[in-house]
$ cat data06.cif   # mmCIF, C-alpha atoms and all ligand atoms
data_query
#
loop_
_atom_site.group_PDB
_atom_site.id
_atom_site.type_symbol
_atom_site.label_atom_id
_atom_site.label_comp_id
_atom_site.auth_asym_id
_atom_site.auth_seq_id
_atom_site.Cartn_x
_atom_site.Cartn_y
_atom_site.Cartn_z
ATOM 1 C CA MET A 314 0.000 0.000 0.000
ATOM 2 C CA ALA A 315 1.371 3.388 -0.903
ATOM 3 C CA GLU A 316 2.099 5.600 2.002
ATOM 4 C CA ARG A 317 2.491 9.295 2.085
ATOM 5 C CA VAL A 318 3.473 11.168 5.167
ATOM 6 C CA LEU A 319 4.244 14.799 5.715
ATOM 7 C CA THR A 320 7.755 15.760 4.780
ATOM 8 C CA GLU A 321 10.032 17.371 7.326
ATOM 9 C CA ARG A 322 9.513 20.647 5.533
ATOM 10 C CA ALA A 323 5.778 20.528 6.093
ATOM 11 C CA ILE A 324 6.175 19.901 9.830
ATOM 12 C CA GLU A 325 8.538 22.875 9.962
ATOM 13 C CA GLU A 326 5.588 25.035 8.970
ATOM 14 C CA TYR A 327 4.094 24.308 12.376
ATOM 15 C CA ARG A 328 7.128 25.695 14.133
ATOM 16 C CA ILE A 329 6.680 29.087 15.797
ATOM 17 C CA THR A 330 9.689 31.153 14.862
ATOM 18 C CA ASP A 331 8.882 34.508 16.485
ATOM 19 C CA GLU A 332 8.373 34.773 20.223
ATOM 20 C CA PRO A 333 4.640 35.178 20.887
ATOM 21 C CA PHE A 334 3.775 37.930 23.332
ATOM 22 C CA TYR A 335 2.759 36.273 26.574
ATOM 23 C CA LEU A 336 2.709 37.771 30.061
ATOM 24 C CA PRO A 337 2.919 35.018 32.683
ATOM 25 C CA VAL A 338 0.233 35.335 35.321
ATOM 26 C CA GLY A 339 1.531 32.818 37.867
ATOM 27 C CA ASN A 340 3.757 29.782 37.729
ATOM 28 C CA GLU A 341 2.115 28.347 34.591
ATOM 29 C CA THR A 342 5.284 28.415 32.487
ATOM 30 C CA GLU A 343 7.264 26.442 35.083
ATOM 31 C CA LEU A 344 4.420 23.962 35.532
ATOM 32 C CA PHE A 345 4.071 23.419 31.801
ATOM 33 C CA GLU A 346 7.789 23.025 31.308
ATOM 34 C CA ALA A 347 8.023 20.485 34.126
ATOM 35 C CA ALA A 348 5.075 18.543 32.673
ATOM 36 C CA TYR A 349 6.737 18.548 29.254
ATOM 37 C CA HIS A 350 9.971 17.115 30.630
ATOM 38 C CA ALA A 351 8.052 14.592 32.746
ATOM 39 C CA ARG A 352 6.111 13.631 29.580
ATOM 40 C CA LEU A 353 2.776 14.359 31.181
ATOM 41 C CA PRO A 354 -0.275 15.489 29.228
ATOM 42 C CA VAL A 355 -1.674 18.859 30.275
ATOM 43 C CA MET A 356 -5.180 20.244 30.497
ATOM 44 C CA LEU A 357 -5.661 24.015 30.421
ATOM 45 C CA LYS A 358 -8.867 24.889 32.215
ATOM 46 C CA GLY A 359 -10.523 28.258 32.025
ATOM 47 C CA PRO A 360 -13.058 30.544 30.371
ATOM 48 C CA THR A 361 -12.906 31.355 26.679
ATOM 49 C CA GLY A 362 -10.575 34.140 25.569
ATOM 50 C CA CYS A 363 -8.413 34.261 28.705
ATOM 51 C CA GLY A 364 -5.074 33.357 27.129
ATOM 52 C CA LYS A 365 -4.930 29.544 26.941
ATOM 53 C CA THR A 366 -4.148 29.370 23.225
ATOM 54 C CA ARG A 367 -1.613 32.178 23.429
ATOM 55 C CA PHE A 368 0.059 30.378 26.320
ATOM 56 C CA VAL A 369 0.419 27.135 24.333
ATOM 57 C CA GLU A 370 1.859 29.082 21.401
ATOM 58 C CA TYR A 371 4.333 30.718 23.724
ATOM 59 C CA MET A 372 5.324 27.412 25.339
ATOM 60 C CA ALA A 373 5.706 25.712 21.945
ATOM 61 C CA TRP A 374 8.064 28.513 20.958
ATOM 62 C CA ARG A 375 9.938 28.281 24.260
ATOM 63 C CA LEU A 376 10.338 24.518 24.037
ATOM 64 C CA ASN A 377 11.084 24.765 20.325
ATOM 65 C CA ARG A 378 8.400 22.250 19.334
ATOM 66 C CA PRO A 379 6.071 22.485 16.350
ATOM 67 C CA LEU A 380 2.491 23.143 17.431
ATOM 68 C CA ILE A 381 -0.452 21.386 15.797
ATOM 69 C CA THR A 382 -3.804 22.764 16.911
ATOM 70 C CA VAL A 383 -7.154 21.069 16.392
ATOM 71 C CA ALA A 384 -10.392 22.909 17.169
ATOM 72 C CA CYS A 385 -12.650 20.145 18.472
ATOM 73 C CA HIS A 386 -16.290 19.977 17.389
ATOM 74 C CA GLU A 387 -19.072 17.450 17.628
ATOM 75 C CA ASP A 388 -18.440 15.968 14.175
ATOM 76 C CA LEU A 389 -14.744 15.429 14.811
ATOM 77 C CA SER A 390 -14.100 11.728 14.344
ATOM 78 C CA ALA A 391 -11.203 9.528 15.365
ATOM 79 C CA THR A 392 -10.392 9.264 11.655
ATOM 80 C CA ASP A 393 -10.143 13.050 11.386
ATOM 81 C CA LEU A 394 -7.511 12.995 14.118
ATOM 82 C CA VAL A 395 -5.636 9.843 13.188
ATOM 83 C CA GLY A 396 -5.797 9.768 9.401
ATOM 84 C CA ARG A 397 -7.392 8.010 6.469
ATOM 85 C CA PHE A 398 -6.756 6.200 3.218
ATOM 86 C CA LEU A 399 -7.706 8.225 0.172
ATOM 87 C CA LEU A 400 -7.966 7.047 -3.371
ATOM 88 C CA GLU A 401 -5.610 8.936 -5.638
ATOM 89 C CA GLY A 402 -5.868 7.676 -9.211
ATOM 90 C CA GLU A 403 -5.125 3.966 -9.004
ATOM 91 C CA GLU A 404 -3.429 4.284 -5.661
ATOM 92 C CA THR A 405 -4.768 4.154 -2.130
ATOM 93 C CA VAL A 406 -2.711 6.637 -0.179
ATOM 94 C CA TRP A 407 -2.515 6.976 3.581
ATOM 95 C CA HIS A 408 -2.808 10.528 4.927
ATOM 96 C CA ASP A 409 -1.810 11.213 8.498
ATOM 97 C CA GLY A 410 -4.328 13.153 10.560
ATOM 98 C CA PRO A 411 -3.090 16.017 12.764
ATOM 99 C CA LEU A 412 -2.677 13.878 15.882
ATOM 100 C CA THR A 413 -0.620 11.276 14.023
ATOM 101 C CA THR A 414 1.540 13.984 12.487
ATOM 102 C CA ALA A 415 2.185 15.431 15.937
ATOM 103 C CA VAL A 416 3.116 12.019 17.370
ATOM 104 C CA ARG A 417 5.293 11.145 14.389
ATOM 105 C CA TYR A 418 7.329 14.339 14.566
ATOM 106 C CA GLY A 419 7.335 14.933 18.300
ATOM 107 C CA ALA A 420 5.185 18.048 18.137
ATOM 108 C CA ILE A 421 2.815 19.536 20.703
ATOM 109 C CA CYS A 422 -0.753 18.602 19.799
ATOM 110 C CA TYR A 423 -3.305 21.054 21.162
ATOM 111 C CA LEU A 424 -6.910 19.867 21.196
ATOM 112 C CA ASP A 425 -8.861 23.048 21.761
ATOM 113 C CA GLU A 426 -12.223 22.627 23.565
ATOM 114 C CA VAL A 427 -11.804 18.881 23.834
ATOM 115 C CA VAL A 428 -15.194 18.483 25.497
ATOM 116 C CA GLU A 429 -16.832 19.350 22.173
ATOM 117 C CA ALA A 430 -15.405 16.235 20.518
ATOM 118 C CA ARG A 431 -17.428 13.037 20.324
ATOM 119 C CA LYS A 432 -16.917 10.606 23.194
ATOM 120 C CA ASP A 433 -15.519 7.895 20.898
ATOM 121 C CA THR A 434 -13.037 10.417 19.535
ATOM 122 C CA VAL A 435 -11.770 11.380 22.975
ATOM 123 C CA VAL A 436 -11.124 7.722 23.784
ATOM 124 C CA ILE A 437 -8.415 7.424 21.127
ATOM 125 C CA ILE A 438 -6.168 9.803 23.038
ATOM 126 C CA HIS A 439 -6.200 7.568 26.118
ATOM 127 C CA PRO A 440 -3.245 5.308 25.180
ATOM 128 C CA LEU A 441 -1.233 8.440 24.435
ATOM 129 C CA THR A 442 -1.858 9.878 27.867
ATOM 130 C CA ASP A 443 -0.512 7.103 30.084
ATOM 131 C CA HIS A 444 2.799 5.315 30.334
ATOM 132 C CA ARG A 445 2.169 3.614 26.985
ATOM 133 C CA ARG A 446 2.430 6.870 25.058
ATOM 134 C CA ARG A 447 1.399 5.326 21.808
ATOM 135 C CA LEU A 448 -1.209 5.886 19.178
ATOM 136 C CA PRO A 449 -3.042 2.918 17.700
ATOM 137 C CA ILE A 450 -3.659 3.457 14.011
ATOM 138 C CA GLU A 451 -6.421 0.924 13.617
ATOM 139 C CA LYS A 452 -6.960 1.398 9.902
ATOM 140 C CA ARG A 453 -3.381 0.356 9.248
ATOM 141 C CA GLY A 454 -3.131 -2.112 12.096
ATOM 142 C CA THR A 455 -0.111 -0.326 13.550
ATOM 143 C CA LEU A 456 0.957 1.373 16.725
ATOM 144 C CA LEU A 457 2.916 4.582 16.645
ATOM 145 C CA GLU A 458 5.215 5.130 19.624
ATOM 146 C CA ALA A 459 5.383 8.756 20.746
ATOM 147 C CA PRO A 460 8.895 10.195 20.921
ATOM 148 C CA PRO A 461 9.830 11.981 24.191
ATOM 149 C CA GLU A 462 9.219 15.386 22.596
ATOM 150 C CA PHE A 463 5.564 14.658 21.830
ATOM 151 C CA MET A 464 3.121 16.392 24.151
ATOM 152 C CA LEU A 465 -0.646 16.362 24.307
ATOM 153 C CA VAL A 466 -2.400 19.500 25.535
ATOM 154 C CA VAL A 467 -6.150 19.979 25.753
ATOM 155 C CA SER A 468 -8.246 22.956 26.727
ATOM 156 C CA TYR A 469 -11.489 22.829 28.584
ATOM 157 C CA ASN A 470 -13.935 25.494 29.660
ATOM 158 C CA PRO A 471 -15.648 24.403 32.877
ATOM 159 C CA GLY A 472 -18.159 27.238 32.456
ATOM 160 C CA TYR A 473 -19.981 25.355 29.701
ATOM 161 C CA GLN A 474 -20.266 22.313 31.876
ATOM 162 C CA SER A 475 -23.511 20.435 31.620
ATOM 163 C CA ILE A 476 -24.403 16.820 32.280
ATOM 164 C CA LEU A 477 -24.330 16.136 28.563
ATOM 165 C CA LYS A 478 -21.105 17.982 27.961
ATOM 166 C CA ASP A 479 -18.732 17.118 30.716
ATOM 167 C CA LEU A 480 -15.423 15.368 30.501
ATOM 168 C CA LYS A 481 -15.530 11.867 31.890
ATOM 169 C CA GLN A 482 -13.392 11.207 34.940
ATOM 170 C CA SER A 483 -11.625 8.475 32.967
ATOM 171 C CA THR A 484 -10.443 11.194 30.579
ATOM 172 C CA ARG A 485 -9.829 14.105 32.943
ATOM 173 C CA GLN A 486 -7.794 12.008 35.366
ATOM 174 C CA ARG A 487 -5.208 11.509 32.652
ATOM 175 C CA PHE A 488 -4.053 15.114 32.673
ATOM 176 C CA VAL A 489 -2.353 17.500 34.993
ATOM 177 C CA SER A 490 -4.539 20.554 35.016
ATOM 178 C CA ILE A 491 -3.424 24.170 34.934
ATOM 179 C CA GLU A 492 -6.172 26.590 35.894
ATOM 180 C CA PHE A 493 -6.556 29.797 33.920
ATOM 181 C CA ASP A 494 -8.656 32.843 34.560
ATOM 182 C CA TYR A 495 -8.724 36.409 33.252
ATOM 183 C CA PRO A 496 -5.374 38.007 34.099
ATOM 184 C CA PRO A 497 -5.321 40.283 37.173
ATOM 185 C CA PRO A 498 -6.346 43.888 36.283
ATOM 186 C CA GLU A 499 -2.914 45.499 36.002
ATOM 187 C CA LEU A 500 -1.586 42.677 33.800
ATOM 188 C CA GLU A 501 -4.764 42.588 31.749
ATOM 189 C CA ALA A 502 -4.494 46.348 31.127
ATOM 190 C CA GLU A 503 -0.926 45.877 29.945
ATOM 191 C CA ILE A 504 -2.052 43.104 27.581
ATOM 192 C CA VAL A 505 -5.012 45.106 26.249
ATOM 193 C CA ALA A 506 -2.846 48.213 25.719
ATOM 194 C CA ARG A 507 -0.201 46.264 23.886
ATOM 195 C CA GLU A 508 -2.415 43.986 21.790
ATOM 196 C CA GLY A 509 -4.975 46.690 21.096
ATOM 197 C CA GLY A 510 -2.561 49.521 20.406
ATOM 198 C CA ILE A 511 -4.074 51.977 22.879
ATOM 199 C CA SER A 512 -2.778 53.890 25.906
ATOM 200 C CA LEU A 513 -2.477 52.178 29.267
ATOM 201 C CA GLU A 514 -5.032 54.657 30.707
ATOM 202 C CA MET A 515 -7.647 53.714 28.126
ATOM 203 C CA ALA A 516 -6.830 50.033 28.596
ATOM 204 C CA ARG A 517 -7.352 50.387 32.349
ATOM 205 C CA ASP A 518 -10.848 51.765 31.684
ATOM 206 C CA LEU A 519 -11.708 48.827 29.441
ATOM 207 C CA VAL A 520 -10.411 46.389 32.035
ATOM 208 C CA LEU A 521 -12.493 48.087 34.725
ATOM 209 C CA ILE A 522 -15.573 47.689 32.511
ATOM 210 C CA GLY A 523 -14.584 44.058 32.020
ATOM 211 C CA GLN A 524 -14.376 43.483 35.762
ATOM 212 C CA LYS A 525 -17.753 45.068 36.406
ATOM 213 C CA VAL A 526 -19.387 43.087 33.617
ATOM 214 C CA ARG A 527 -17.826 39.892 34.971
ATOM 215 C CA ASN A 528 -19.548 40.649 38.260
ATOM 216 C CA LEU A 529 -22.874 40.279 36.449
ATOM 217 C CA ARG A 530 -22.191 36.571 36.101
ATOM 218 C CA GLY A 531 -24.848 34.687 37.920
ATOM 219 C CA HIS A 532 -27.296 37.542 37.236
ATOM 220 C CA GLY A 533 -28.312 36.117 33.897
ATOM 221 C CA LEU A 534 -24.911 36.343 32.295
ATOM 222 C CA GLU A 535 -23.387 32.968 31.484
ATOM 223 C CA GLU A 536 -19.826 34.092 31.114
ATOM 224 C CA GLY A 537 -18.019 37.401 31.638
ATOM 225 C CA VAL A 538 -16.321 39.399 28.925
ATOM 226 C CA SER A 539 -13.080 37.828 27.791
ATOM 227 C CA THR A 540 -9.662 39.400 27.507
ATOM 228 C CA ARG A 541 -10.067 38.772 23.777
ATOM 229 C CA LEU A 542 -13.160 41.022 23.656
ATOM 230 C CA LEU A 543 -11.393 43.760 25.634
ATOM 231 C CA ILE A 544 -8.660 43.650 22.989
ATOM 232 C CA TYR A 545 -11.289 43.903 20.220
ATOM 233 C CA ALA A 546 -12.704 47.032 21.867
ATOM 234 C CA ALA A 547 -9.183 48.440 22.083
ATOM 235 C CA GLN A 548 -8.501 47.686 18.427
ATOM 236 C CA LEU A 549 -11.654 49.541 17.384
ATOM 237 C CA ILE A 550 -10.689 52.512 19.545
ATOM 238 C CA ALA A 551 -7.216 52.478 17.987
ATOM 239 C CA ARG A 552 -8.960 52.773 14.584
ATOM 240 C CA GLY A 553 -10.794 55.893 15.653
ATOM 241 C CA ILE A 554 -14.120 54.477 16.879
ATOM 242 C CA ALA A 555 -15.492 56.398 19.875
ATOM 243 C CA PRO A 556 -14.730 54.446 23.071
ATOM 244 C CA ILE A 557 -18.367 54.073 24.121
ATOM 245 C CA ALA A 558 -19.425 52.735 20.732
ATOM 246 C CA ALA A 559 -16.416 50.425 20.625
ATOM 247 C CA ALA A 560 -17.186 49.117 24.098
ATOM 248 C CA GLU A 561 -20.802 48.512 23.146
ATOM 249 C CA VAL A 562 -20.104 46.444 20.048
ATOM 250 C CA ALA A 563 -17.223 44.539 21.610
ATOM 251 C CA LEU A 564 -18.306 44.158 25.226
ATOM 252 C CA ALA A 565 -22.094 44.355 25.424
ATOM 253 C CA PHE A 566 -23.648 42.884 22.267
ATOM 254 C CA PRO A 567 -21.460 39.789 21.781
ATOM 255 C CA ILE A 568 -22.046 38.340 25.230
ATOM 256 C CA THR A 569 -25.812 38.632 25.579
ATOM 257 C CA ASP A 570 -28.994 39.098 23.543
ATOM 258 C CA ASP A 571 -30.942 40.123 26.612
ATOM 259 C CA ARG A 572 -31.964 43.786 26.270
ATOM 260 C CA ASP A 573 -31.999 44.436 30.014
ATOM 261 C CA LEU A 574 -28.536 43.009 30.481
ATOM 262 C CA GLN A 575 -27.280 44.990 27.504
ATOM 263 C CA ARG A 576 -28.683 48.116 29.131
ATOM 264 C CA SER A 577 -26.937 47.292 32.413
ATOM 265 C CA ILE A 578 -23.654 46.815 30.577
ATOM 266 C CA ARG A 579 -24.157 50.094 28.737
ATOM 267 C CA GLU A 580 -24.601 51.811 32.085
ATOM 268 C CA ILE A 581 -21.350 50.301 33.288
ATOM 269 C CA ILE A 582 -19.623 51.506 30.127
ATOM 270 C CA THR A 583 -20.889 55.059 30.397
ATOM 271 C CA THR A 584 -20.009 55.379 34.060
ATOM 272 C CA VAL A 585 -16.453 54.257 33.426
ATOM 273 C CA ILE A 586 -15.685 56.017 30.144
HETATM 274 P P1 LIG B 601 -8.355 31.141 24.864
HETATM 275 O O1 LIG B 601 -7.480 30.194 24.137
HETATM 276 O O2 LIG B 601 -8.290 31.040 26.354
HETATM 277 O O3 LIG B 601 -9.769 31.156 24.355
HETATM 278 P P2 LIG B 601 -6.619 33.215 23.744
HETATM 279 O O4 LIG B 601 -5.329 32.606 24.096
HETATM 280 O O5 LIG B 601 -7.004 33.219 22.305
HETATM 281 O O6 LIG B 601 -7.830 32.623 24.596
HETATM 282 O O7 LIG B 601 -6.604 34.699 24.342
HETATM 283 C C1 LIG B 601 -7.237 35.761 23.743
HETATM 284 C C2 LIG B 601 -6.270 36.892 23.570
HETATM 285 O O8 LIG B 601 -5.959 37.452 24.836
HETATM 286 C C3 LIG B 601 -4.934 36.465 22.990
HETATM 287 O O9 LIG B 601 -4.946 36.568 21.584
HETATM 288 C C4 LIG B 601 -3.980 37.465 23.571
HETATM 289 O O10 LIG B 601 -3.961 38.618 22.762
HETATM 290 C C5 LIG B 601 -4.617 37.876 24.874
HETATM 291 N N1 LIG B 601 -4.016 37.345 26.098
HETATM 292 C C6 LIG B 601 -4.688 36.757 27.119
HETATM 293 N N2 LIG B 601 -3.871 36.462 28.129
HETATM 294 C C7 LIG B 601 -2.640 36.884 27.769
HETATM 295 C C8 LIG B 601 -1.354 36.879 28.421
HETATM 296 N N3 LIG B 601 -1.196 36.371 29.653
HETATM 297 N N4 LIG B 601 -0.306 37.416 27.741
HETATM 298 C C9 LIG B 601 -0.478 37.921 26.503
HETATM 299 N N5 LIG B 601 -1.656 37.960 25.858
HETATM 300 C C10 LIG B 601 -2.734 37.451 26.473
#

$ encode --input "data06.cif" --output "structure tokens"
Amino acid sequence: MAERVLTERAIEEYRITDEPFYLPVGNETELFEAAYHARLPVMLKGPTGCGKTRFVEYMAWRLNRPLITVACHEDLSATDLVGRFLLEGEETVWHDGPLTTAVRYGAICYLDEVVEARKDTVVIIHPLTDHRRRLPIEKRGTLLEAPPEFMLVVSYNPGYQSILKDLKQSTRQRFVSIEFDYPPPELEAEIVAREGGISLEMARDLVLIGQKVRNLRGHGLEEGVSTRLLIYAAQLIARGIAPIAAAEVALAFPITDDRDLQRSIREIITTVI
């Protein structure tokens, strides 16, 4: 059977050559580095848009490993991750999936929002996450041993937790878990100023709005405004949009459709700005 695998050049495309901007919030870089050297899989837990993806990019750069990211969704099958045979002319050619590529080349594989993936898909990562560290490629009847450099990282947002969408203990107990949250205000302002291209003073105002909106959680708001959204507001302001309008479209409308809540957020915005 013909076999085609990614060339070394293609895997090089997953390498992060420029240092990503990342401000450490606690001891997460040390923890991640220790887990990498101990060959332990890592789960990053926290709300959406709080810096998990940026952190993995930064760590991949720091550890000089290629980074292969997969956004998990409910149609994601084991085949999508592992690979498939495809007919090419007369030939049946094997194509590695992203997980197989990562194992083969000792990359970091980042499964973003792993809880979204189908249960039978999640199960295929199990043998990679214990002492076996190998990936069964059922369609080819082979086992791929993971080199020491391979690392599996998943992200998980406990805020979306429901009985239907929760990670099974048999899966979650395979990872060391690093907890993420929105960065503390002074750090978050620094991030928003830098990523959004606005002054630190303006960034502090946006962060203050963010904090107040986050306090509305539990009052009908499922999740607070993310650092990502604060940066969007900043980017609009940097392009000349009036701060109040920018804050409305980036901080009020995306997170809720409820008119009363939107009004409350608008009040927060106008008292701060
Ligand atoms: P998540 O993966 O948690 O959904 P991201 O990593 O995409 O979120 O974070 C959203 C944005 O917030 C990033 O693109 C980055 O600009 C910014 N960010 C959040 N935390 C940090 C941090 N500690 N250092 C630098 N940038 C950060």

$ residues_around --input "data06.cif" --residues "region 426-439 of chain A" --least-positions-apart "6" --cutoff "6 Å" --atoms "all atoms listed in the file" --output "PyMOL selection string"
chain A and resi 385-387+389-391+468-469+480

$ closest_atom_pairs --input "data06.cif" --of "region 427-507 of chain A" --to "region 513-535 of chain A" --cutoff "6 Å" --atoms "all atoms listed in the file" --output "CSV"
residue,atom,partner,partner_atom,distance
A:Ala502,CA,A:Ala516,CA,5.0
A:Val505,CA,A:Ala516,CA,5.8
A:Ala506,CA,A:Ala516,CA,5.2

$ write_last_selection --input "data06.cif" --atoms "C-alpha atoms" --output "CSV table (one decimal), in the coordinates of the input"
chain,number,residue,atom,x,y,z
A,502,ALA,CA,-4.5,46.3,31.1
A,505,VAL,CA,-5.0,45.1,26.2
A,506,ALA,CA,-2.8,48.2,25.7

$ axis_aligned_box --input "data06.cif" --around "ligand LIG 601 (chain B)" --padding-each-side "6 Å" --output "AutoDock Vina command-line options"
--center_x -5.0 --center_y 34.4 --center_z 25.6 --size_x 21.5 --size_y 20.4 --size_z 20.1

$ residues_near_ligand --input "data06.cif" --ligand "ligand LIG 601 (chain B)" --cutoff "7 Å" --atoms "only C-alpha atoms and all ligand atoms" --output "PyMOL selection string"
chain A and resi 334-338+359-368+496+504+508+540-541+544

$ closest_residue --input "data06.cif" --among "A:Ala351, A:Val585, A:Leu457, A:Leu500" --to "Pro556 (chain A)" --atoms "only C-alpha atoms"
A:Val585

$ residues_around --input "data06.cif" --residues "Arg352 (chain A)" --least-positions-apart "2" --cutoff "7 Å" --atoms "only C-alpha atoms" --output "PyMOL selection string"
chain A and resi 348-350+354+461+464

$ resolve_selection --input "data06.cif" --expression "the PyMOL selection byres (((chain A and resi 381) around 9) and not hetatm)" --output "list in words"
Tyr327, Arg328, Pro379, Leu380, Thr382, Val383, Pro411, Leu412, Thr414, Ala415, Ala420, Ile421, Cys422, Tyr423 and Leu424 of chain A

$ closest_residue --input "data06.cif" --among "A:Gly553, A:Pro333, A:Gly339, A:Pro440" --to "Phe493 (chain A)" --atoms "all atoms listed in the file"
A:Gly339

$ residues_near_point --input "data06.cif" --point "(-16.8, 44.5, 18.7)" --cutoff "6 Å" --atoms "only C-alpha atoms" --output "list in words"
Tyr545, Ala546, Val562 and Ala563 of chain A

$ atom_distance --input "data06.cif" --atom1 "CA of Leu357 (chain A)" --atom2 "CA of Val466 (chain A)"
7.4 Å

$ closest_residue --input "data06.cif" --among "A:Leu465, A:Ala547, A:Leu319, A:Val406" --to "Leu564 (chain A)" --atoms "only C-alpha atoms"
A:Ala547

$ residues_around --input "data06.cif" --residues "Phe566 (chain A)" --least-positions-apart "6" --cutoff "12 Å" --atoms "all atoms listed in the file" --output "list in words"
Val538, Leu542, Ala546, Ala558, Ala559, Ala560, Arg572, Asp573, Leu574, Gln575, Arg576, Ser577, Ile578 and Arg579 of chain A

$ write_last_selection --input "data06.cif" --atoms "C-alpha atoms" --output "PDB file, keeping the file's coordinate frame"
ATOM      1  CA  VAL A 538     -16.321  39.399  28.925  1.00  0.00           C
ATOM      2  CA  LEU A 542     -13.160  41.022  23.656  1.00  0.00           C
ATOM      3  CA  ALA A 546     -12.704  47.032  21.867  1.00  0.00           C
ATOM      4  CA  ALA A 558     -19.425  52.735  20.732  1.00  0.00           C
ATOM      5  CA  ALA A 559     -16.416  50.425  20.625  1.00  0.00           C
ATOM      6  CA  ALA A 560     -17.186  49.117  24.098  1.00  0.00           C
ATOM      7  CA  ARG A 572     -31.964  43.786  26.270  1.00  0.00           C
ATOM      8  CA  ASP A 573     -31.999  44.436  30.014  1.00  0.00           C
ATOM      9  CA  LEU A 574     -28.536  43.009  30.481  1.00  0.00           C
ATOM     10  CA  GLN A 575     -27.280  44.990  27.504  1.00  0.00           C
ATOM     11  CA  ARG A 576     -28.683  48.116  29.131  1.00  0.00           C
ATOM     12  CA  SER A 577     -26.937  47.292  32.413  1.00  0.00           C
ATOM     13  CA  ILE A 578     -23.654  46.815  30.577  1.00  0.00           C
ATOM     14  CA  ARG A 579     -24.157  50.094  28.737  1.00  0.00           C
TER      15      ARG A 579
END

$ residues_around --input "data06.cif" --residues "Pro449 (chain A)" --least-positions-apart "3" --cutoff "9 Å" --atoms "all atoms listed in the file" --output "PDB file with C-alpha atoms, in the frame of the given file"
ATOM      1  CA  VAL A 395      -5.636   9.843  13.188  1.00  0.00           C
ATOM      2  CA  ILE A 437      -8.415   7.424  21.127  1.00  0.00           C
ATOM      3  CA  PRO A 440      -3.245   5.308  25.180  1.00  0.00           C
ATOM      4  CA  LEU A 441      -1.233   8.440  24.435  1.00  0.00           C
ATOM      5  CA  LYS A 452      -6.960   1.398   9.902  1.00  0.00           C
ATOM      6  CA  ARG A 453      -3.381   0.356   9.248  1.00  0.00           C
ATOM      7  CA  GLY A 454      -3.131  -2.112  12.096  1.00  0.00           C
ATOM      8  CA  THR A 455      -0.111  -0.326  13.550  1.00  0.00           C
ATOM      9  CA  LEU A 456       0.957   1.373  16.725  1.00  0.00           C
ATOM     10  CA  LEU A 457       2.916   4.582  16.645  1.00  0.00           C
ATOM     11  CA  GLU A 458       5.215   5.130  19.624  1.00  0.00           C
TER      12      GLU A 458
END

$ closest_residue --input "data06.cif" --among "A:Asn340, A:Thr442, A:Thr405, A:Ser539" --to "Ala459 (chain A)" --atoms "only C-alpha atoms"
A:Thr442

$ atom_distance --input "data06.cif" --atom1 "CA of Thr342 (chain A)" --atom2 "CA of Ile491 (chain A)"
10.0 Å

$ atom_distance --input "data06.cif" --atom1 "CA of Ile329 (chain A)" --atom2 "CA of Val467 (chain A)"
18.6 Å

$ residues_around --input "data06.cif" --residues "Val318 (chain A)" --least-positions-apart "4" --cutoff "8 Å" --atoms "only C-alpha atoms" --output "VMD selection string"
chain A and resid 407 to 409

$ residues_near_point --input "data06.cif" --point "(0.4, 13.4, 35.7)" --cutoff "8 Å" --atoms "only C-alpha atoms" --output "list in words"
Ala348, Leu353, Pro354, Val355, Arg487, Phe488 and Val489 of chain A
